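The file target10.txt comes next; it holds compact mmCIF, C-alpha atoms.
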# COMPACT_ATOMS: atom_id res chain seq x y z
CA MET R 1 0.00 0.00 0.00
CA SER R 2 1.46 3.34 -0.99
CA ILE R 3 1.07 6.38 1.22
CA ARG R 4 -0.12 9.42 -0.64
CA THR R 5 1.78 12.63 -0.07
CA ARG R 6 1.18 16.17 -1.20
CA GLN R 7 3.90 18.78 -1.62
CA ILE R 8 3.09 22.05 0.05
CA GLU R 9 5.12 25.19 0.30
CA LEU R 10 5.36 26.55 3.82
CA GLU R 11 6.24 30.22 4.01
CA VAL R 12 7.42 30.64 7.56
CA MET R 13 8.12 33.92 9.29
CA ARG R 14 11.59 33.99 10.76
CA TYR R 15 13.08 36.40 13.25
CA ASP R 16 16.38 36.11 15.02
CA PRO R 17 16.50 38.75 17.78
CA GLU R 18 20.28 38.80 17.66
CA LYS R 19 20.65 39.25 13.91
CA ASP R 20 17.47 40.50 12.27
CA GLU R 21 16.17 44.05 12.14
CA ALA R 22 12.75 42.78 11.16
CA PRO R 23 11.04 39.44 10.45
CA TRP R 24 11.33 37.84 7.03
CA PHE R 25 9.88 34.79 5.30
CA GLN R 26 11.60 31.52 4.54
CA SER R 27 10.07 28.89 2.27
CA TYR R 28 10.20 25.14 2.82
CA THR R 29 8.79 22.43 0.58
CA VAL R 30 7.18 19.76 2.72
CA PRO R 31 5.83 16.37 1.57
CA CYS R 32 2.67 16.06 3.64
CA LEU R 33 0.57 13.02 4.42
CA GLU R 34 -3.16 13.29 3.94
CA ASP R 35 -3.99 13.33 7.65
CA TRP R 36 -1.36 15.88 8.64
CA VAL R 37 -2.09 19.07 10.46
CA ILE R 38 0.06 22.20 10.13
CA LEU R 39 1.96 21.31 13.29
CA ASP R 40 3.07 18.04 11.65
CA ALA R 41 4.45 19.99 8.70
CA ILE R 42 6.32 22.37 11.02
CA ASN R 43 7.70 19.40 12.95
CA TYR R 44 8.83 17.92 9.62
CA VAL R 45 10.74 21.13 8.87
CA LYS R 46 12.36 21.09 12.31
CA ASP R 47 13.30 17.40 12.10
CA ASN R 48 14.42 17.23 8.47
CA LEU R 49 15.04 20.63 6.92
CA ASP R 50 15.97 23.28 9.46
CA THR R 51 16.77 22.63 13.09
CA THR R 52 17.03 26.36 13.85
CA LEU R 53 13.27 26.98 13.58
CA ALA R 54 11.79 28.01 16.94
CA TYR R 55 8.13 27.41 17.85
CA ARG R 56 6.06 26.17 20.78
CA TRP R 57 4.10 22.97 20.99
CA SER R 58 3.51 20.18 23.43
CA CYS R 59 0.44 17.96 23.32
CA HIS R 60 -0.66 17.84 19.65
CA MET R 61 -4.27 17.36 20.86
CA MET R 62 -5.78 20.80 21.60
CA VAL R 63 -5.14 20.66 25.33
CA CYS R 64 -1.88 22.48 26.01
CA GLY R 65 -2.75 25.58 23.98
CA SER R 66 0.88 26.16 22.97
CA CYS R 67 0.82 25.88 19.19
CA GLY R 68 -1.29 28.92 18.30
CA MET R 69 -0.07 30.63 15.10
CA MET R 70 -1.37 32.60 12.15
CA VAL R 71 -2.07 30.27 9.23
CA ASN R 72 -2.82 32.18 6.04
CA GLY R 73 -3.74 35.16 8.19
CA GLU R 74 -6.10 33.27 10.49
CA PRO R 75 -5.23 32.68 14.15
CA VAL R 76 -5.50 28.93 14.84
CA LEU R 77 -4.16 26.05 16.89
CA THR R 78 -1.88 24.39 14.35
CA CYS R 79 -2.57 20.96 15.86
CA LYS R 80 -6.18 21.11 14.67
CA THR R 81 -5.63 22.79 11.30
CA PHE R 82 -5.65 20.13 8.61
CA ILE R 83 -3.44 20.63 5.58
CA ARG R 84 -6.00 18.94 3.31
CA GLU R 85 -8.26 21.95 3.87
CA LEU R 86 -5.56 24.43 2.81
CA PRO R 87 -4.07 25.46 -0.56
CA ASP R 88 -0.62 24.31 -1.74
CA LYS R 89 1.04 27.43 -0.38
CA VAL R 90 0.60 28.14 3.32
CA ARG R 91 1.91 31.15 5.19
CA ILE R 92 2.78 30.63 8.86
CA GLU R 93 3.31 33.59 11.15
CA PRO R 94 3.52 34.03 14.92
CA LEU R 95 0.24 35.04 16.60
CA GLU R 96 -0.72 38.60 15.72
CA ASN R 97 -0.82 41.36 18.33
CA PHE R 98 2.03 39.90 20.37
CA PRO R 99 5.73 40.83 20.21
CA ILE R 100 7.86 38.19 18.48
CA GLU R 101 10.46 36.57 20.71
CA ARG R 102 12.00 34.43 17.96
CA ASP R 103 10.57 32.91 14.75
CA LEU R 104 7.09 31.64 15.68
CA VAL R 105 7.44 32.18 19.42
CA VAL R 106 5.62 35.19 20.85
CA VAL R 107 5.95 37.05 24.15
CA LEU R 108 2.94 36.29 26.33
CA ASP R 109 3.96 38.21 29.46
CA ASP R 110 1.21 40.81 29.02
CA VAL R 111 -1.68 38.35 28.81
CA MET R 112 -0.27 36.23 31.62
CA GLN R 113 -0.26 39.32 33.83
CA LYS R 114 -3.84 40.11 32.76
CA LEU R 115 -5.01 36.60 33.56
CA HIS R 116 -3.44 36.91 36.99
CA GLN R 117 -5.13 40.30 37.48
CA VAL R 118 -8.68 38.89 37.22
CA GLN R 119 -8.07 36.34 40.01
CA PRO R 120 -8.88 33.23 37.97
CA TYR R 121 -9.45 31.02 40.98
CA ILE R 122 -12.13 30.51 43.63
CA VAL R 123 -12.03 33.31 46.17
CA ARG R 124 -13.63 32.60 49.58
CA LYS R 125 -14.43 35.24 52.15
CA ASP R 126 -15.77 32.94 54.83
CA ASP R 127 -14.08 30.08 56.64
CA PRO R 128 -13.25 27.06 54.51
CA PRO R 129 -15.43 23.99 55.04
CA PRO R 130 -14.18 21.20 57.30
CA GLU R 131 -11.58 19.00 55.66
CA ASP R 132 -13.97 16.11 55.23
CA LYS R 133 -16.53 18.29 53.39
CA GLU R 134 -16.46 19.82 49.94
CA TYR R 135 -18.22 22.75 48.32
CA ILE R 136 -21.53 21.56 46.99
CA GLN R 137 -22.36 22.38 43.38
CA SER R 138 -25.46 21.26 41.52
CA ARG R 139 -25.32 20.29 37.86
CA GLY R 140 -27.44 23.33 37.04
CA ALA R 141 -24.93 25.60 38.80
CA LEU R 142 -22.08 23.97 36.86
CA ALA R 143 -23.95 24.42 33.57
CA LYS R 144 -23.85 28.20 34.11
CA PHE R 145 -20.12 28.34 33.38
CA LYS R 146 -18.96 24.93 32.15
CA GLN R 147 -18.38 26.11 28.59
CA LEU R 148 -15.97 28.76 29.90
CA THR R 149 -13.83 26.15 31.65
CA MET R 150 -12.81 24.76 28.24
CA CYS R 151 -10.29 27.59 27.73
CA VAL R 152 -6.74 26.28 27.24
CA ASN R 153 -5.08 29.73 27.31
CA CYS R 154 -3.88 29.52 23.73
CA PHE R 155 -4.55 33.26 23.32
CA VAL R 156 -5.67 32.78 19.74
CA CYS R 157 -8.53 35.12 20.71
CA TYR R 158 -6.11 37.96 21.44
CA ALA R 159 -4.62 37.54 17.97
CA ALA R 160 -8.12 37.96 16.52
CA CYS R 161 -9.14 40.93 18.66
CA PRO R 162 -8.78 44.32 16.94
CA GLN R 163 -9.40 46.10 20.23
CA TYR R 164 -6.36 44.42 21.79
CA ALA R 165 -4.39 45.12 18.61
CA LEU R 166 -4.97 48.84 19.00
CA ASN R 167 -5.19 49.14 22.77
CA LYS R 168 -2.82 46.99 24.78
CA ASN R 169 -4.46 48.09 28.06
CA PHE R 170 -7.61 46.14 27.18
CA ILE R 171 -7.82 43.11 29.45
CA GLY R 172 -8.95 41.06 26.48
CA PRO R 173 -11.10 38.03 25.67
CA ALA R 174 -9.54 35.05 27.48
CA ALA R 175 -8.88 36.86 30.76
CA LEU R 176 -12.37 38.38 30.79
CA ALA R 177 -13.94 35.01 29.97
CA MET R 178 -11.97 33.50 32.83
CA ALA R 179 -13.20 36.24 35.19
CA HIS R 180 -16.76 35.50 34.12
CA ARG R 181 -16.20 31.80 34.67
CA TYR R 182 -15.35 32.43 38.34
CA ASN R 183 -18.01 35.10 38.78
CA ARG R 184 -20.57 32.54 37.67
CA ASP R 185 -19.27 29.82 39.97
CA ASN R 186 -21.53 29.45 43.02
CA ARG R 187 -18.53 28.45 45.17
CA ASP R 188 -16.79 31.77 44.47
CA GLN R 189 -17.14 34.94 46.56
CA GLY R 190 -14.69 37.16 44.67
CA LYS R 191 -17.07 38.87 42.24
CA SER R 192 -16.87 42.20 44.04
CA ASP R 193 -13.04 42.11 43.94
CA ARG R 194 -13.10 41.51 40.20
CA LEU R 195 -15.71 44.19 39.50
CA ASP R 196 -13.23 47.06 39.91
CA ILE R 197 -11.06 45.63 37.16
CA LEU R 198 -13.84 44.40 34.88
CA ALA R 199 -16.01 47.51 35.03
CA ASP R 200 -13.04 49.85 34.58
CA HIS R 201 -12.10 51.52 31.27
CA ASP R 202 -9.85 48.68 30.17
CA GLY R 203 -12.39 46.04 31.14
CA VAL R 204 -15.57 44.86 29.46
CA TRP R 205 -16.58 48.29 28.13
CA ASP R 206 -13.57 48.43 25.83
CA CYS R 207 -15.03 45.50 23.94
CA SER R 208 -17.04 46.65 20.92
CA PHE R 209 -18.35 43.15 20.17
CA VAL R 210 -16.58 42.45 16.92
CA GLY R 211 -17.03 38.81 17.89
CA ALA R 212 -13.82 37.63 16.21
CA CYS R 213 -12.53 36.06 19.46
CA SER R 214 -15.47 33.66 19.59
CA GLU R 215 -15.24 32.81 15.91
CA VAL R 216 -11.60 31.74 16.13
CA CYS R 217 -11.74 30.06 19.56
CA PRO R 218 -10.65 26.44 18.99
CA LYS R 219 -12.46 25.30 22.16
CA HIS R 220 -15.77 27.15 21.53
CA VAL R 221 -15.44 29.08 24.78
CA ASP R 222 -17.25 32.10 23.30
CA PRO R 223 -15.44 34.90 25.15
CA ALA R 224 -17.49 37.55 23.30
CA ALA R 225 -20.67 36.19 24.89
CA ALA R 226 -19.04 36.17 28.34
CA ILE R 227 -18.02 39.81 27.93
CA GLN R 228 -21.51 40.91 26.84
CA GLN R 229 -23.01 39.08 29.84
CA MET R 230 -20.58 40.89 32.11
CA LYS R 231 -21.68 44.20 30.59
CA VAL R 232 -25.25 43.33 31.58
CA ASP R 233 -24.08 42.32 35.08
CA GLY R 234 -22.03 45.53 35.39
CA ALA R 235 -24.91 47.74 34.28
CA LEU R 236 -27.29 46.06 36.75
CA GLU R 237 -24.74 46.52 39.51
CA PHE R 238 -24.40 50.22 38.61
CA TRP R 239 -28.17 50.77 38.91
CA LYS R 240 -28.37 48.73 42.10
CA GLN R 241 -25.77 51.02 43.64
CA LYS R 242 -27.58 54.15 42.37
CA MET R 243 -30.82 52.95 43.88
CA GLY R 244 -29.22 51.82 47.12
CA ILE R 245 -30.07 48.17 46.57
CA PRO R 246 -27.45 45.87 48.12
CA GLY R 247 -25.47 44.22 45.33
CA ASP R 248 -22.18 42.48 44.75
CA LYS R 249 -20.23 45.61 45.53
CA SER R 250 -21.85 46.29 48.89
CA MET X 1 21.69 35.38 24.31
CA SER X 2 19.83 38.66 24.50
CA ARG X 3 16.16 39.38 24.18
CA ASN X 4 15.00 41.80 21.55
CA PRO X 5 11.28 41.19 20.90
CA TYR X 6 9.97 42.57 17.62
CA VAL X 7 6.66 44.44 17.70
CA ARG X 8 4.81 44.31 14.39
CA PRO X 9 3.38 47.68 13.42
CA ILE X 10 -0.38 48.09 13.08
CA SER X 11 -2.05 50.91 11.20
CA THR X 12 -4.53 52.85 13.32
CA THR X 13 -6.34 54.00 10.18
CA THR X 14 -6.49 50.86 8.01
CA TRP X 15 -6.47 48.02 10.59
CA TYR X 16 -9.95 46.93 9.53
CA MET X 17 -8.65 45.95 6.10
CA ARG X 18 -6.86 42.99 7.73
CA ASN X 19 -9.75 40.58 7.21
CA GLY X 20 -13.41 40.16 6.28
CA ARG X 21 -14.61 40.02 9.88
CA TYR X 22 -13.24 43.46 10.63
CA LYS X 23 -14.74 44.86 7.44
CA VAL X 24 -18.21 43.57 8.36
CA TYR X 25 -17.75 45.03 11.84
CA VAL X 26 -16.85 48.45 10.43
CA LEU X 27 -19.86 48.32 8.06
CA ARG X 28 -21.99 47.63 11.16
CA GLU X 29 -20.44 50.55 13.05
CA LEU X 30 -20.99 52.86 10.07
CA THR X 31 -24.72 52.67 10.81
CA SER X 32 -23.92 55.18 13.56
CA PHE X 33 -23.77 57.86 10.84
CA LEU X 34 -27.31 56.95 9.82
CA VAL X 35 -28.40 57.06 13.46
CA MET X 36 -26.88 60.53 13.70
CA PHE X 37 -28.63 61.62 10.49
CA TYR X 38 -32.02 60.35 11.70
CA SER X 39 -31.52 62.00 15.10
CA PHE X 40 -31.02 65.37 13.44
CA LEU X 41 -33.86 64.70 11.02
CA THR X 42 -36.21 64.01 13.96
CA LEU X 43 -35.12 67.22 15.70
CA TYR X 44 -35.62 69.14 12.45
CA GLY X 45 -39.07 67.58 12.03
CA LEU X 46 -40.00 68.47 15.62
CA SER X 47 -38.87 72.07 15.13
CA ALA X 48 -41.02 72.22 11.97
CA LEU X 49 -43.96 70.82 13.93
CA ALA X 50 -43.43 73.40 16.66
CA GLY X 51 -43.08 76.15 14.04
CA SER X 52 -46.09 76.33 11.80
CA ALA X 53 -48.46 74.19 9.76
CA GLU X 54 -46.75 75.33 6.54
CA ARG X 55 -43.31 74.36 7.80
CA TRP X 56 -44.63 70.95 8.91
CA ASP X 57 -46.32 70.32 5.55
CA ALA X 58 -43.13 71.34 3.77
CA PHE X 59 -41.12 68.96 5.95
CA ILE X 60 -43.49 66.05 5.19
CA ALA X 61 -43.44 66.87 1.49
CA SER X 62 -39.61 66.97 1.50
CA GLN X 63 -39.48 63.47 3.01
CA GLN X 64 -41.87 62.15 0.37
CA SER X 65 -39.75 63.24 -2.57
CA THR X 66 -38.46 60.39 -4.77
CA ALA X 67 -34.86 60.97 -3.73
CA MET X 68 -35.69 60.87 -0.01
CA MET X 69 -37.91 57.80 -0.40
CA ILE X 70 -35.05 55.97 -2.13
CA PHE X 71 -32.68 57.13 0.63
CA HIS X 72 -35.02 55.95 3.40
CA GLY X 73 -35.49 52.63 1.62
CA LEU X 74 -31.73 52.08 1.30
CA ALA X 75 -31.19 53.14 4.92
CA LEU X 76 -33.81 50.64 6.04
CA VAL X 77 -32.13 47.82 4.12
CA TYR X 78 -28.72 48.83 5.51
CA PHE X 79 -30.08 48.86 9.05
CA LEU X 80 -31.72 45.46 8.54
CA PHE X 81 -28.52 43.82 7.34
CA PHE X 82 -26.04 45.53 9.64
CA GLN X 83 -28.09 46.08 12.81
CA THR X 84 -31.31 44.11 13.10
CA PHE X 85 -30.27 40.73 11.69
CA PRO X 86 -26.78 40.55 13.28
CA TRP X 87 -27.87 41.92 16.66
CA PHE X 88 -30.90 39.65 16.96
CA LYS X 89 -28.64 36.74 16.02
CA LEU X 90 -26.21 37.76 18.78
CA ALA X 91 -28.91 38.42 21.40
CA PRO X 92 -28.77 34.89 22.91
CA LYS X 93 -25.07 35.43 23.64
CA ALA X 94 -25.71 38.52 25.75
CA MET X 95 -28.82 37.20 27.44
CA PRO X 96 -28.76 33.44 27.67
CA VAL X 97 -31.62 31.84 29.60
CA GLN X 98 -30.96 28.69 31.58
CA VAL X 99 -33.86 26.51 32.65
CA GLY X 100 -32.69 23.91 35.14
CA GLU X 101 -29.56 22.38 33.70
CA LYS X 102 -30.32 23.25 30.09
CA LYS X 103 -29.88 26.46 28.15
CA LEU X 104 -33.00 27.66 26.40
CA PRO X 105 -32.40 27.18 22.63
CA ASP X 106 -31.00 30.30 20.95
CA SER X 107 -33.85 30.21 18.44
CA TYR X 108 -36.41 30.96 21.18
CA ILE X 109 -34.60 34.16 22.17
CA ILE X 110 -34.06 35.19 18.55
CA ILE X 111 -37.70 34.58 17.60
CA GLY X 112 -38.77 36.46 20.75
CA HIS X 113 -36.83 39.49 19.53
CA TYR X 114 -38.45 39.36 16.08
CA VAL X 115 -41.92 39.07 17.65
CA ALA X 116 -41.23 42.04 19.94
CA TRP X 117 -39.91 43.99 16.92
CA LEU X 118 -43.06 43.20 14.95
CA VAL X 119 -45.34 44.23 17.85
CA VAL X 120 -43.50 47.53 18.35
CA SER X 121 -43.49 48.23 14.59
CA VAL X 122 -47.24 47.59 14.29
CA PHE X 123 -47.85 49.78 17.35
CA ILE X 124 -45.87 52.66 15.83
CA LEU X 125 -47.66 52.25 12.49
CA TRP X 126 -50.97 52.24 14.40
CA LEU X 127 -49.94 55.44 16.21
CA ALA X 128 -49.12 56.97 12.84
CA GLY X 129 -52.54 55.94 11.55
CA ALA X 130 -51.09 53.64 8.90
CA VAL X 131 -52.90 50.49 10.10
Turn this file's structure into structure tokens for me.
Amino acid sequence: MSIRTRQIELEVMRYDPEKDEAPWFQSYTVPCLEDWVILDAINYVKDNLDTTLAYRWSCHMMVCGSCGMMVNGEPVLTCKTFIRELPDKVRIEPLENFPIERDLVVVLDDVMQKLHQVQPYIVRKDDPPPEDKEYIQSRGALAKFKQLTMCVNCFVCYAACPQYALNKNFIGPAALAMAHRYNRDNRDQGKSDRLDILADHDGVWDCSFVGACSEVCPKHVDPAAAIQQMKVDGALEFWKQKMGIPGDKS
Amino acid sequence: MSRNPYVRPISTTTWYMRNGRYKVYVLRELTSFLVMFYSFLTLYGLSALAGSAERWDAFIASQQSTAMMIFHGLALVYFLFFQTFPWFKLAPKAMPVQVGEKKLPDSYIIIGHYVAWLVVSVFILWLAGAV
């Protein structure tokens, strides 16, 4: 049985911080198998054609969130982007809207700091339960945020977001979705702490609902929906405060 | 080995040409100019109404000219495609309804919006004496 291969031309953005003034493109011809994804082709280049190529990857199964790149201008996880669905010439670039560290590796310090800022963990104000007890959560309560827990922090959404492209202060899709995930969790008591960050200028109101983050999200987290829901929550909280009704911020 | 991250430039005036999604978004946002136009038109109409019967009649006649009717028709189509349809489609994202463990199907919320739209439209037409 013969294995069918298809030649594709990979145009890969290269950048050596010690030598290059600006990024440039290098072409590689790669014989691809029918079931290959872009990450397989990049691994082929690394293993057989050019060992100097730098890029991130780990799991090859949409869990680690490391292999996000621009493929023909679209931000994707390269481990789920099949070559059979692409033309013979494919352009690979590092994720948009992030500084390039080297070749296809981007600097994620900014989004990591933003994630940290929204306290993406369960915050408790009261005493923890006894050690032999756990926090009770019904299936209905879990359903309120389960979709948001699918995020793998690939930050493909930031590469799609024009607001983040133009305004680096914007907290951005994944971090806001993560904040919403914990705000919605019935075990969490940190909503009021997060409100100051979320309702501020660089929070949810900077989002103009382009919706690109949700369209490109490889895990269908739908950050755009989370942000709009937080706008509704924020507006309700504002009116509650105006009318002296005890709310999350009281 | 030293770090020297490269920041790719982005144009603040032509960023929306990057892809089709951004272009559609900008077309949606351009409806704000129409909103502005209709806001001024309403104020102008009100001032005519407050002025005199002649000024009001002249205002109504000006809006019924062929050119203005074509403009209003085109504006309506533009609003439908870049406001009504996309926003109603997105409504379930901003206001999801959960019943028990299940989310209410998006179609219910979308249809609800169209029904409300129809009711309000008929009410306004009734106020205007058109139905």
So how far away is atom CA of X:Leu80 from atom CA of X:Leu49, in Å?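 These two atoms are separated by 28.7 Å.
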Rank nothing, just name the residue among R:Lys144, R:Ile245, R:Lys133, R:Ala226 nearest to R:Asp185, using only C-alpha atoms. R:Lys144
Skip R:Met178 itself and residues of its chain fewer than 4 positions away, then list as an MDAnalysis selection string all residues within 12 Å of it, counting only C-alpha atoms. chainID R and resid 114:122 145:153 171:174 182:185 191 194 198 221:224 226:227 230
Taking all atoms listed in the file into account, report as an MDAnalysis selection string which residues of chain R lie within 10 Å of chain X. chainID R and resid 15:23 73:74 96:102 105:107 138:144 160:162 165:166 208:212 215 222:232
For a quick check of understanding, using only C-alpha atoms, which of R:Leu86, R:Pro94, R:Leu10, R:Asn169 has the smallest distance to R:Leu49?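 Smallest distance to R:Leu49 is found for R:Leu10.
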Identify, on the basis of only C-alpha atoms, every residue whose closest approach to R:Asp196 does not exceed 12 Å; exclude the query and any residue fewer than 4 positions from it along the same chain; express the result as a PyMOL selection string. chain R and resi 117-119+179+190-192+200-204+234+237-238+248-249
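Considering only C-alpha atoms, the residue among R:Pro218, R:Pro87, R:Pro128, R:Gly244 positioned nearest to R:Pro75 is R:Pro218.
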What is the atom CA of R:Asp35 to atom CA of R:Ile92 distance in Å?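 Going from atom CA of R:Asp35 over to atom CA of R:Ile92 covers 18.6 Å.
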Could you produce a table of the residues of stretch 8-40 of chain R lying within 12 Å of stretch 60-71 of chain R, with the nearest pair of atoms per residue and their separation in Å rounded to one decimal, using all atoms listed in the file, ordered by chain and increasing residue number, as a tab-separated table?
residue	atom	partner	partner_atom	distance
R:Leu10	CA	R:Val71	CA	9.9
R:Glu11	CA	R:Val71	CA	9.8
R:Val12	CA	R:Val71	CA	9.6
R:Met13	CA	R:Met70	CA	10.0
R:Trp36	CA	R:His60	CA	11.2
R:Val37	CA	R:His60	CA	9.4
R:Ile38	CA	R:Val71	CA	8.4
R:Leu39	CA	R:Cys67	CA	7.5
R:Asp40	CA	R:His60	CA	8.8
If I wrap all listed atoms of stretch 85-92 of chain X in a box with edges along x, y and z and add 5 Å on each side, what are its centre and edge lengths in Å to one decimal, as AutoDock Vina command-line options?
--center_x -28.6 --center_y 38.4 --center_z 17.3 --size_x 14.7 --size_y 17.0 --size_z 21.2
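Atom CA of X:Ala75 lies 7.3 Å from atom CA of X:Leu34.
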Show which residues sit within 9 Å of R:Thr5, as a PDB file with C-alpha atoms, in the frame of the given file. Count all atoms listed in the file, and ignore same-chain residues fewer than 2 positions away.
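File result35.pdb, as written:
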ATOM      1  CA  ILE R   3       1.070   6.380   1.220  1.00  0.00           C
ATOM      2  CA  GLN R   7       3.900  18.780  -1.620  1.00  0.00           C
ATOM      3  CA  PRO R  31       5.830  16.370   1.570  1.00  0.00           C
ATOM      4  CA  CYS R  32       2.670  16.060   3.640  1.00  0.00           C
ATOM      5  CA  LEU R  33       0.570  13.020   4.420  1.00  0.00           C
ATOM      6  CA  GLU R  34      -3.160  13.290   3.940  1.00  0.00           C
TER       7      GLU R  34
END
Skipping near chain neighbours, those fewer than 5 positions away, what residues fall within 12 Å of X:Phe37 using all atoms listed in the file, listed as number ranges by chain? X: 30-32, 42-44, 71-72, 75
When distances are computed from all atoms listed in the file, which of X:Gly129, X:Ala61, X:Val77, X:Phe88 shows the smallest separation from X:Val115? X:Phe88
Have a look at R:Ala177, R:Phe170, R:Asp132, R:Val111 and name the one nearest to R:Ser214; count only C-alpha atoms. R:Ala177
Would you please work out which residue, of R:Val45, R:Thr81, R:Ala175, R:Asn72, is nearest to R:Cys213 when using all atoms listed in the file?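 Among the listed residues, the smallest separation from R:Cys213 belongs to R:Ala175.
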Only N, CA and C atoms, as a PDB file, in the first residue's frame: that is what I want for stretch 49-66 of chain R.
ATOM      1  N   LEU R  49      14.564  19.571   7.818  1.00  0.00           N
ATOM      2  CA  LEU R  49      15.041  20.625   6.923  1.00  0.00           C
ATOM      3  C   LEU R  49      15.810  21.749   7.625  1.00  0.00           C
ATOM      4  N   ASP R  50      15.370  22.108   8.818  1.00  0.00           N
ATOM      5  CA  ASP R  50      15.973  23.280   9.462  1.00  0.00           C
ATOM      6  C   ASP R  50      15.806  23.199  10.977  1.00  0.00           C
ATOM      7  N   THR R  51      16.860  22.824  11.636  1.00  0.00           N
ATOM      8  CA  THR R  51      16.765  22.634  13.089  1.00  0.00           C
ATOM      9  C   THR R  51      16.730  23.955  13.846  1.00  0.00           C
ATOM     10  N   THR R  52      16.968  25.061  13.142  1.00  0.00           N
ATOM     11  CA  THR R  52      17.029  26.356  13.852  1.00  0.00           C
ATOM     12  C   THR R  52      15.645  26.963  14.083  1.00  0.00           C
ATOM     13  N   LEU R  53      14.618  26.395  13.474  1.00  0.00           N
ATOM     14  CA  LEU R  53      13.269  26.976  13.583  1.00  0.00           C
ATOM     15  C   LEU R  53      12.730  26.857  15.017  1.00  0.00           C
ATOM     16  N   ALA R  54      12.305  28.011  15.558  1.00  0.00           N
ATOM     17  CA  ALA R  54      11.785  28.014  16.945  1.00  0.00           C
ATOM     18  C   ALA R  54      10.273  28.167  16.951  1.00  0.00           C
ATOM     19  N   TYR R  55       9.593  27.328  17.712  1.00  0.00           N
ATOM     20  CA  TYR R  55       8.132  27.409  17.851  1.00  0.00           C
ATOM     21  C   TYR R  55       7.751  26.638  19.104  1.00  0.00           C
ATOM     22  N   ARG R  56       6.519  26.859  19.568  1.00  0.00           N
ATOM     23  CA  ARG R  56       6.063  26.168  20.776  1.00  0.00           C
ATOM     24  C   ARG R  56       5.047  25.095  20.426  1.00  0.00           C
ATOM     25  N   TRP R  57       5.155  23.980  21.061  1.00  0.00           N
ATOM     26  CA  TRP R  57       4.100  22.972  20.991  1.00  0.00           C
ATOM     27  C   TRP R  57       4.357  21.953  22.089  1.00  0.00           C
ATOM     28  N   SER R  58       3.304  21.209  22.421  1.00  0.00           N
ATOM     29  CA  SER R  58       3.513  20.178  23.426  1.00  0.00           C
ATOM     30  C   SER R  58       2.621  18.972  23.183  1.00  0.00           C
ATOM     31  N   CYS R  59       1.294  19.147  23.235  1.00  0.00           N
ATOM     32  CA  CYS R  59       0.442  17.956  23.318  1.00  0.00           C
ATOM     33  C   CYS R  59      -0.055  17.405  21.984  1.00  0.00           C
ATOM     34  N   HIS R  60      -0.150  18.261  20.953  1.00  0.00           N
ATOM     35  CA  HIS R  60      -0.665  17.840  19.652  1.00  0.00           C
ATOM     36  C   HIS R  60      -2.117  17.363  19.748  1.00  0.00           C
ATOM     37  N   MET R  61      -2.877  17.819  20.745  1.00  0.00           N
ATOM     38  CA  MET R  61      -4.272  17.365  20.862  1.00  0.00           C
ATOM     39  C   MET R  61      -5.179  18.421  21.495  1.00  0.00           C
ATOM     40  N   MET R  62      -4.896  19.691  21.208  1.00  0.00           N
ATOM     41  CA  MET R  62      -5.780  20.796  21.598  1.00  0.00           C
ATOM     42  C   MET R  62      -5.983  20.931  23.102  1.00  0.00           C
ATOM     43  N   VAL R  63      -5.007  20.556  23.875  1.00  0.00           N
ATOM     44  CA  VAL R  63      -5.137  20.662  25.327  1.00  0.00           C
ATOM     45  C   VAL R  63      -4.132  21.657  25.915  1.00  0.00           C
ATOM     46  N   CYS R  64      -2.908  21.639  25.394  1.00  0.00           N
ATOM     47  CA  CYS R  64      -1.882  22.483  26.011  1.00  0.00           C
ATOM     48  C   CYS R  64      -2.002  23.946  25.603  1.00  0.00           C
ATOM     49  N   GLY R  65      -2.559  24.199  24.431  1.00  0.00           N
ATOM     50  CA  GLY R  65      -2.748  25.582  23.981  1.00  0.00           C
ATOM     51  C   GLY R  65      -1.467  26.287  23.571  1.00  0.00           C
ATOM     52  N   SER R  66      -0.412  25.530  23.266  1.00  0.00           N
ATOM     53  CA  SER R  66       0.884  26.157  22.968  1.00  0.00           C
ATOM     54  C   SER R  66       1.099  26.511  21.508  1.00  0.00           C
TER      55      SER R  66
END
